[in-house]
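Working notes, structure below.
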Amino acid sequence: MDFPLAELSYIGLFLVVLFVAKWLYNATTSYNTFTEIEQNKNLALATSISGFLIAVTMVYVAVLQGPSKGLLTDLINVSLYSLVGLGLLLVTRVINDKLLLPKFCNKAQIISHQNLPVGIVQFASYITAGLIVSGALMGEGSFTSAIVFYLLAQIVLLIASKLYDLLTQFDLHKELQNNNMAAAISFAATKIATGIILFHALRGGLETWSHSITLFFIDALIALALLPVVRLLTDLVLMPGVRVNKAIAQGNSAVSLIEGSVAVSVAIAIFYTL
């Protein structure tokens with residue numbers, strides 16, 4: 001039996017990447033994540049960090065899909081691309097605080113109030129960013145393509161967030177501040193569903209800029225149309241007589257879980273059929 005040098009090397013590198021990711025997360029915050037989780041039992045922060053670590057794993061696995069150029073070169077390339085992915089995921093935290101949820105301080109909600117719904121939204125933001133960065137780096141993706149498509153995807157996600165606010169009959173920020181778990185589940189699922197569809201546009205690698213950007217915006221339009229369609233399906237077909245917006249505003253997590261499941265299911269169906 002041959003000694004699996006390559007496999008062990010990649011597993012070892014992955015463990016190093018995870019360690020670096022957690023260290024960077026802690027180093028770029030004004031609070032000690034280890035203290036918050038171990039001593040303060042901060043579930044909101046743990047949820048957010050869990051999304052970050054899963055996203056790191058998604059990026060690492062995506063980078064492995066590229067063509068091999070020899071074990072040593074592959075390990076160096078995987079390390080570099082993983083660091084790029086880590087950087088973009090850390091930028092996601094700033095985008096969450098300043099652009100996605102600008103009406104309150106994310107740090108205060110996560111650390112001072114241990115607001116689990118906000119932690120769930122951050123979890124979804126990291127997973128979505130992981131999908132985007134993974135798609136951009138998969139195959140023949142480059143540093144430049146990863147950054148460009150990450151930024152384009154963030155713009156689409158911000159538009160989707162505004163559309164979510166327009167289509168719902170409640171203030172998302174207010175509901176999250178009030179620890180409305182139903183609103184968090186609904187919004188988080190919508191973000192992940194959007195990320196799945198955007199990943200569909202990027203997973204094939206960069207052929208030409210014009211082709212890739214065109215495909216990206218076609219899928220972006222599909223993703224933006226997903227929310228109203230899902231709400232209509234949930235209202236009229238799956239739960240007739242139940243008004244999704246009203247139920248979520250009242251904190252009905254059961255309804256939001258069904259709506260979120262439909263959104264993710266539709267996104268997965270689109271991913272495999274288009």
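Letters A, B, ... mark the chains of the structure tokens in the order given; residue numbers begin at 1 per chain; ligand numbers begin at 1, in order shown.
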Please run DSSP on the backbone and report, as a PyMOL selection string, all residues within region 6-153 of chain A that come out as alpha helix (DSSP H). chain A and resi 6-27+33-38+43-63+71-95+106-107+116-137+143-153
List the spatial neighbours of Met181 (chain A) as a PDB file with C-alpha atoms, in the first residue's frame - criterion: any atom at most 12 Å away, only C-alpha atoms, same-chain residues fewer than 6 positions off excluded.
ATOM      1  CA  ALA A  44     -24.675  34.101  18.986  1.00  0.00           C
ATOM      2  CA  ASN A 115     -28.482  38.244  19.992  1.00  0.00           C
ATOM      3  CA  LEU A 116     -28.827  34.804  18.400  1.00  0.00           C
ATOM      4  CA  PRO A 117     -30.965  35.966  15.418  1.00  0.00           C
ATOM      5  CA  VAL A 118     -28.178  38.372  14.402  1.00  0.00           C
ATOM      6  CA  GLY A 119     -25.699  35.519  14.804  1.00  0.00           C
ATOM      7  CA  ILE A 120     -27.819  33.394  12.463  1.00  0.00           C
ATOM      8  CA  VAL A 121     -27.846  36.158   9.849  1.00  0.00           C
ATOM      9  CA  LEU A 172     -35.964  43.440   9.497  1.00  0.00           C
ATOM     10  CA  LYS A 174     -36.252  45.981  14.314  1.00  0.00           C
ATOM     11  CA  GLU A 175     -37.284  42.335  14.317  1.00  0.00           C
ATOM     12  CA  PHE A 187     -33.673  36.171   5.885  1.00  0.00           C
ATOM     13  CA  ALA A 188     -30.783  33.742   6.383  1.00  0.00           C
ATOM     14  CA  ALA A 247     -46.606  34.971  10.701  1.00  0.00           C
ATOM     15  CA  ILE A 248     -42.916  35.922  10.652  1.00  0.00           C
ATOM     16  CA  ALA A 249     -43.628  39.328  12.200  1.00  0.00           C
ATOM     17  CA  GLN A 250     -45.432  37.464  14.979  1.00  0.00           C
ATOM     18  CA  GLY A 251     -42.368  35.294  15.558  1.00  0.00           C
ATOM     19  CA  ASN A 252     -43.683  32.074  14.022  1.00  0.00           C
ATOM     20  CA  SER A 253     -40.425  30.223  13.351  1.00  0.00           C
ATOM     21  CA  ALA A 254     -42.286  27.182  12.036  1.00  0.00           C
ATOM     22  CA  VAL A 255     -43.633  29.196   9.101  1.00  0.00           C
ATOM     23  CA  SER A 256     -40.279  30.847   8.404  1.00  0.00           C
ATOM     24  CA  LEU A 257     -38.551  27.456   8.459  1.00  0.00           C
TER      25      LEU A 257
END
Would you list the contacts of region 10-21 of chain A as JSON, numbers by chain, taking every protein, DNA or RNA residue within 12 Å and counting only C-alpha atoms, but skipping same-chain residues closer than 6 positions in sequence? {"A": [4, 27, 28, 49, 50, 51, 52, 53, 54, 55, 56, 57, 58, 59, 60, 61, 63, 64, 71, 72, 74, 75, 76, 77, 78, 79, 80, 81, 82, 83, 84, 85, 86, 87, 88, 89, 90]}
Spatial neighbours of Glu259 (chain A), 8 Å, only C-alpha atoms, chain gap at least 2 places, as an NGL selection string: :A and (186 or 230-231 or 234 or 244 or 255-257 or 261-263)
Give me a file of those residues, with C-alpha atoms, as a PDB file, in the first residue's frame.
ATOM      1  CA  SER A 186     -36.331  33.606   6.777  1.00  0.00           C
ATOM      2  CA  VAL A 230     -41.042  31.534  -3.080  1.00  0.00           C
ATOM      3  CA  ARG A 231     -43.312  33.686  -0.939  1.00  0.00           C
ATOM      4  CA  THR A 234     -45.549  29.288   0.266  1.00  0.00           C
ATOM      5  CA  VAL A 244     -46.043  34.435   5.626  1.00  0.00           C
ATOM      6  CA  VAL A 255     -43.633  29.196   9.101  1.00  0.00           C
ATOM      7  CA  SER A 256     -40.279  30.847   8.404  1.00  0.00           C
ATOM      8  CA  LEU A 257     -38.551  27.456   8.459  1.00  0.00           C
ATOM      9  CA  SER A 261     -36.675  25.435   3.121  1.00  0.00           C
ATOM     10  CA  VAL A 262     -38.670  26.189  -0.019  1.00  0.00           C
ATOM     11  CA  ALA A 263     -36.243  28.979  -0.964  1.00  0.00           C
TER      12      ALA A 263
END
